[in-house]
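Q: This is my_file.pdb (PDB, C-alpha atoms, pLDDT in the B column).
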```pdb
ATOM      1  CA  MET I1392     -21.330  -5.159   5.510  1.00 57.00           C
ATOM      2  CA  ALA I1393     -19.174  -5.146   8.619  1.00 73.00           C
ATOM      3  CA  TRP I1394     -16.010  -6.341   6.856  1.00 76.00           C
ATOM      4  CA  ARG I1395     -15.775  -3.109   4.882  1.00 76.00           C
ATOM      5  CA  SER I1396     -15.038  -0.970   7.930  1.00 76.00           C
ATOM      6  CA  GLN I1397     -12.424  -3.426   9.245  1.00 76.00           C
ATOM      7  CA  ILE I1398     -10.219  -3.785   6.158  1.00 78.00           C
ATOM      8  CA  SER I1399      -7.532  -1.499   7.552  1.00 77.00           C
ATOM      9  CA  ARG I1400      -7.072  -3.639  10.682  1.00 79.00           C
ATOM     10  CA  ASN I1401      -5.252  -6.468   8.924  1.00 78.00           C
ATOM     11  CA  VAL I1402      -4.409  -5.234   5.435  1.00 83.00           C
ATOM     12  CA  LYS I1403      -2.079  -2.277   4.840  1.00 85.00           C
ATOM     13  CA  GLU I1404      -2.881  -1.643   1.162  1.00 87.00           C
ATOM     14  CA  LEU I1405      -5.127  -2.955  -1.620  1.00 89.00           C
ATOM     15  CA  ARG I1406      -4.270  -2.613  -5.315  1.00 90.00           C
ATOM     16  CA  PHE I1407      -6.830  -3.224  -8.027  1.00 92.00           C
ATOM     17  CA  LEU I1408      -5.400  -3.838 -11.510  1.00 92.00           C
ATOM     18  CA  TYR I1409      -7.703  -4.157 -14.484  1.00 93.00           C
ATOM     19  CA  CYS I1410      -8.160  -3.274 -18.147  1.00 93.00           C
ATOM     20  CA  GLN I1411     -10.451  -0.360 -19.020  1.00 91.00           C
ATOM     21  CA  THR I1412     -12.135  -2.181 -21.913  1.00 92.00           C
ATOM     22  CA  SER I1413     -11.605  -5.937 -21.505  1.00 91.00           C
ATOM     23  CA  PRO I1414     -14.675  -8.114 -20.835  1.00 92.00           C
ATOM     24  CA  ALA I1415     -12.531 -10.151 -18.421  1.00 90.00           C
ATOM     25  CA  SER I1416     -12.120  -7.039 -16.248  1.00 91.00           C
ATOM     26  CA  ALA I1417     -15.812  -6.106 -16.240  1.00 92.00           C
ATOM     27  CA  SER I1418     -16.603  -7.552 -12.805  1.00 91.00           C
ATOM     28  CA  THR I1419     -13.563  -5.885 -11.221  1.00 91.00           C
ATOM     29  CA  ARG I1420     -14.438  -2.501 -12.784  1.00 92.00           C
ATOM     30  CA  GLU I1421     -18.011  -2.888 -11.574  1.00 93.00           C
ATOM     31  CA  PHE I1422     -16.892  -3.802  -8.039  1.00 92.00           C
ATOM     32  CA  VAL I1423     -14.643  -0.736  -7.831  1.00 93.00           C
ATOM     33  CA  GLN I1424     -17.321   1.570  -9.257  1.00 93.00           C
ATOM     34  CA  ARG I1425     -19.967   0.297  -6.832  1.00 93.00           C
ATOM     35  CA  ASN I1426     -17.897   0.033  -3.661  1.00 91.00           C
ATOM     36  CA  TYR I1427     -14.994   2.504  -3.771  1.00 92.00           C
ATOM     37  CA  LYS I1428     -16.874   5.455  -2.275  1.00 93.00           C
ATOM     38  CA  GLU I1429     -18.225   3.455   0.677  1.00 91.00           C
ATOM     39  CA  LEU I1430     -14.906   1.697   1.316  1.00 90.00           C
ATOM     40  CA  LYS I1431     -13.011   5.001   1.267  1.00 91.00           C
ATOM     41  CA  THR I1432     -15.596   6.662   3.535  1.00 91.00           C
ATOM     42  CA  LEU I1433     -15.289   3.863   6.103  1.00 89.00           C
ATOM     43  CA  ASN I1434     -11.466   3.714   5.804  1.00 89.00           C
ATOM     44  CA  PRO I1435     -10.368   7.293   5.002  1.00 90.00           C
ATOM     45  CA  ARG I1436      -6.616   6.781   5.544  1.00 90.00           C
ATOM     46  CA  PHE I1437      -6.411   3.353   3.947  1.00 91.00           C
ATOM     47  CA  PRO I1438      -4.651   3.251   0.538  1.00 91.00           C
ATOM     48  CA  PHE I1439      -6.884   1.798  -2.161  1.00 92.00           C
ATOM     49  CA  LEU I1440      -4.779   1.911  -5.334  1.00 92.00           C
ATOM     50  CA  ILE I1441      -6.603   1.569  -8.636  1.00 94.00           C
ATOM     51  CA  ARG I1442      -4.526   0.891 -11.738  1.00 93.00           C
ATOM     52  CA  GLU I1443      -6.118   0.712 -15.172  1.00 93.00           C
ATOM     53  CA  CYS I1444      -3.714  -0.887 -17.668  1.00 92.00           C
ATOM     54  CA  SER I1445      -4.497  -1.831 -21.228  1.00 92.00           C
ATOM     55  CA  GLY I1446      -4.528  -5.584 -21.829  1.00 90.00           C
ATOM     56  CA  VAL I1447      -3.851  -6.679 -18.235  1.00 90.00           C
ATOM     57  CA  GLU I1448      -5.776  -9.500 -16.543  1.00 89.00           C
ATOM     58  CA  PRO I1449      -7.754  -8.326 -13.496  1.00 90.00           C
ATOM     59  CA  GLN I1450      -5.923  -8.745 -10.198  1.00 88.00           C
ATOM     60  CA  ILE I1451      -6.176  -7.636  -6.596  1.00 87.00           C
ATOM     61  CA  TRP I1452      -2.954  -7.275  -4.601  1.00 86.00           C
ATOM     62  CA  ALA I1453      -2.986  -7.064  -0.808  1.00 84.00           C
ATOM     63  CA  ARG I1454      -0.086  -5.893   1.343  1.00 83.00           C
ATOM     64  CA  TYR I1455       0.090  -7.099   4.934  1.00 78.00           C
ATOM     65  CA  GLY I1456       2.633  -4.936   6.794  1.00 72.00           C
ATOM     66  CA  ILE I1457       6.241  -5.694   5.869  1.00 68.00           C
ATOM     67  CA  ILE I1458       5.437  -9.100   4.373  1.00 64.00           C
ATOM     68  CA  PRO I1459       5.577  -9.153   0.536  1.00 59.00           C
ATOM     69  CA  THR I1460       2.312  -8.645  -1.282  1.00 61.00           C
ATOM     70  CA  GLY I1461       0.067 -11.492  -2.315  1.00 63.00           C
ATOM     71  CA  GLU I1462      -1.875 -11.685  -5.547  1.00 61.00           C
ATOM     72  CA  ILE I1463      -5.519 -12.721  -5.579  1.00 58.00           C
ATOM     73  CA  PRO I1464      -6.713 -13.646  -9.094  1.00 58.00           C
ATOM     74  CA  CYS I1465     -10.064 -11.930  -9.589  1.00 57.00           C
ATOM     75  CA  PHE I1466     -11.852 -14.870 -11.154  1.00 52.00           C
ATOM     76  CA  PHE I1467     -11.725 -16.506  -7.694  1.00 46.00           C
ATOM     77  CA  CYS I1468     -12.907 -13.536  -5.632  1.00 47.00           C
ATOM     78  CA  LEU I1469     -15.552 -11.680  -7.644  1.00 45.00           C
TER      79      LEU I1469
END
```
Since I need it in another form, could you write the structure as structure tokens?

A:
Amino acid sequence: MAWRSQISRNVKELRFLYCQTSPASASTREFVQRNYKELKTLNPRFPFLIRECSGVEPQIWARYGIIPTGEIPCFFCL
């Protein structure tokens, strides 16, 4: 998909937060496992931060330059 190679044009950082064992985090874990290698290959200098925390609800945080980060609840995006 073309959007994967253009992530670094508008977004400065992506953070994925999810639980290692929670069923609620399953789709986020699966997305990261399937797509991380390709995303990192297409955007080698772009920071993809992956945080596995016990008991946390899945979230994706995006940072756009100096503007504060914005949270995207994963049940809306995956």

Q: Which residues, written as a count of residues only, have at least one atom at most 9 Å from stretch 1401-1410 of chain I, with all atoms listed in the file counted and residues fewer than 2 positions away on the same chain left out?

A: 32

Q: In Å, with one decimal, what is the gap from atom CA of I:Trp1394 to atom CA of I:Asn1426?

A: 12.4 Å

Q: Report, as AutoDock Vina command-line options, the centre and edge lengths in Å (one decimal) of the axis-aligned box enclosing every listed atom of stretch 1426-1445 of chain I, padded by 3 Å on each side.

A:
```
--center_x -11.0 --center_y 2.7 --center_z -7.6 --size_x 20.5 --size_y 15.1 --size_z 33.3
```

Q: Could you state the separation of atom CA of I:Lys1428 and atom CA of I:Gln1411 in Å, given to one decimal place?

A: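 So the two atoms, atom CA of I:Lys1428 and atom CA of I:Gln1411, lie 18.9 Å apart.
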
Q: List as a ChimeraX atom specification the protein and nucleic acid residues near I:Ala1393, meaning an atom at most 12 Å away when all atoms listed in the file are counted, but skip any in the same chain fewer than 5 places from it.

A: /I:1398,1429-1430,1433

Q: Generate N, CA, C and O atoms for stretch 1431-1452 of chain I and emit them as an mmCIF file, in the frame of the given file.

A:
```cif
data_model
loop_
_atom_site.group_PDB
_atom_site.id
_atom_site.type_symbol
_atom_site.label_atom_id
_atom_site.label_comp_id
_atom_site.auth_asym_id
_atom_site.auth_seq_id
_atom_site.Cartn_x
_atom_site.Cartn_y
_atom_site.Cartn_z
ATOM 1 N N LYS I 1431 -13.866 3.864 0.930
ATOM 2 C CA LYS I 1431 -13.011 5.001 1.267
ATOM 3 C C LYS I 1431 -13.615 5.822 2.399
ATOM 4 O O LYS I 1431 -12.887 6.343 3.249
ATOM 5 N N THR I 1432 -14.934 5.936 2.452
ATOM 6 C CA THR I 1432 -15.596 6.662 3.535
ATOM 7 C C THR I 1432 -15.379 5.957 4.869
ATOM 8 O O THR I 1432 -15.122 6.601 5.884
ATOM 9 N N LEU I 1433 -15.468 4.636 4.873
ATOM 10 C CA LEU I 1433 -15.289 3.863 6.103
ATOM 11 C C LEU I 1433 -13.826 3.715 6.511
ATOM 12 O O LEU I 1433 -13.524 3.463 7.673
ATOM 13 N N ASN I 1434 -12.905 3.853 5.557
ATOM 14 C CA ASN I 1434 -11.466 3.714 5.804
ATOM 15 C C ASN I 1434 -10.727 4.890 5.150
ATOM 16 O O ASN I 1434 -10.021 4.713 4.161
ATOM 17 N N PRO I 1435 -10.871 6.106 5.694
ATOM 18 C CA PRO I 1435 -10.368 7.293 5.002
ATOM 19 C C PRO I 1435 -8.853 7.345 4.807
ATOM 20 O O PRO I 1435 -8.382 7.940 3.843
ATOM 21 N N ARG I 1436 -8.079 6.734 5.665
ATOM 22 C CA ARG I 1436 -6.616 6.781 5.544
ATOM 23 C C ARG I 1436 -6.030 5.541 4.881
ATOM 24 O O ARG I 1436 -4.828 5.445 4.697
ATOM 25 N N PHE I 1437 -6.867 4.610 4.540
ATOM 26 C CA PHE I 1437 -6.411 3.353 3.947
ATOM 27 C C PHE I 1437 -6.136 3.545 2.456
ATOM 28 O O PHE I 1437 -6.954 4.098 1.734
ATOM 29 N N PRO I 1438 -4.965 3.081 1.964
ATOM 30 C CA PRO I 1438 -4.651 3.251 0.538
ATOM 31 C C PRO I 1438 -5.303 2.190 -0.351
ATOM 32 O O PRO I 1438 -4.930 1.025 -0.314
ATOM 33 N N PHE I 1439 -6.294 2.612 -1.109
ATOM 34 C CA PHE I 1439 -6.884 1.798 -2.161
ATOM 35 C C PHE I 1439 -6.277 2.295 -3.469
ATOM 36 O O PHE I 1439 -6.546 3.418 -3.892
ATOM 37 N N LEU I 1440 -5.435 1.497 -4.097
ATOM 38 C CA LEU I 1440 -4.779 1.911 -5.334
ATOM 39 C C LEU I 1440 -5.475 1.259 -6.512
ATOM 40 O O LEU I 1440 -5.639 0.039 -6.548
ATOM 41 N N ILE I 1441 -5.892 2.067 -7.463
ATOM 42 C CA ILE I 1441 -6.603 1.569 -8.636
ATOM 43 C C ILE I 1441 -5.742 1.842 -9.855
ATOM 44 O O ILE I 1441 -5.381 2.987 -10.123
ATOM 45 N N ARG I 1442 -5.379 0.779 -10.560
ATOM 46 C CA ARG I 1442 -4.526 0.891 -11.738
ATOM 47 C C ARG I 1442 -5.253 0.319 -12.944
ATOM 48 O O ARG I 1442 -5.597 -0.864 -12.962
ATOM 49 N N GLU I 1443 -5.506 1.148 -13.919
ATOM 50 C CA GLU I 1443 -6.118 0.712 -15.172
ATOM 51 C C GLU I 1443 -5.021 0.591 -16.211
ATOM 52 O O GLU I 1443 -4.363 1.577 -16.542
ATOM 53 N N CYS I 1444 -4.786 -0.613 -16.706
ATOM 54 C CA CYS I 1444 -3.714 -0.887 -17.668
ATOM 55 C C CYS I 1444 -4.301 -1.636 -18.854
ATOM 56 O O CYS I 1444 -5.019 -2.609 -18.679
ATOM 57 N N SER I 1445 -3.979 -1.197 -20.028
ATOM 58 C CA SER I 1445 -4.497 -1.831 -21.228
ATOM 59 C C SER I 1445 -3.973 -3.254 -21.377
ATOM 60 O O SER I 1445 -2.761 -3.498 -21.293
ATOM 61 N N GLY I 1446 -4.885 -4.207 -21.558
ATOM 62 C CA GLY I 1446 -4.528 -5.584 -21.829
ATOM 63 C C GLY I 1446 -4.132 -6.416 -20.629
ATOM 64 O O GLY I 1446 -3.712 -7.555 -20.786
ATOM 65 N N VAL I 1447 -4.247 -5.920 -19.421
ATOM 66 C CA VAL I 1447 -3.851 -6.679 -18.235
ATOM 67 C C VAL I 1447 -5.032 -7.523 -17.726
ATOM 68 O O VAL I 1447 -6.191 -7.138 -17.879
ATOM 69 N N GLU I 1448 -4.729 -8.691 -17.161
ATOM 70 C CA GLU I 1448 -5.776 -9.500 -16.543
ATOM 71 C C GLU I 1448 -6.113 -8.891 -15.186
ATOM 72 O O GLU I 1448 -5.225 -8.389 -14.494
ATOM 73 N N PRO I 1449 -7.375 -8.942 -14.768
ATOM 74 C CA PRO I 1449 -7.754 -8.326 -13.496
ATOM 75 C C PRO I 1449 -7.088 -9.030 -12.316
ATOM 76 O O PRO I 1449 -7.014 -10.256 -12.269
ATOM 77 N N GLN I 1450 -6.595 -8.231 -11.378
ATOM 78 C CA GLN I 1450 -5.923 -8.745 -10.198
ATOM 79 C C GLN I 1450 -6.215 -7.840 -9.014
ATOM 80 O O GLN I 1450 -6.463 -6.648 -9.180
ATOM 81 N N ILE I 1451 -6.144 -8.407 -7.830
ATOM 82 C CA ILE I 1451 -6.176 -7.636 -6.596
ATOM 83 C C ILE I 1451 -4.935 -8.037 -5.808
ATOM 84 O O ILE I 1451 -4.686 -9.216 -5.600
ATOM 85 N N TRP I 1452 -4.152 -7.041 -5.396
ATOM 86 C CA TRP I 1452 -2.954 -7.275 -4.601
ATOM 87 C C TRP I 1452 -3.198 -6.725 -3.208
ATOM 88 O O TRP I 1452 -3.696 -5.613 -3.050
#
```
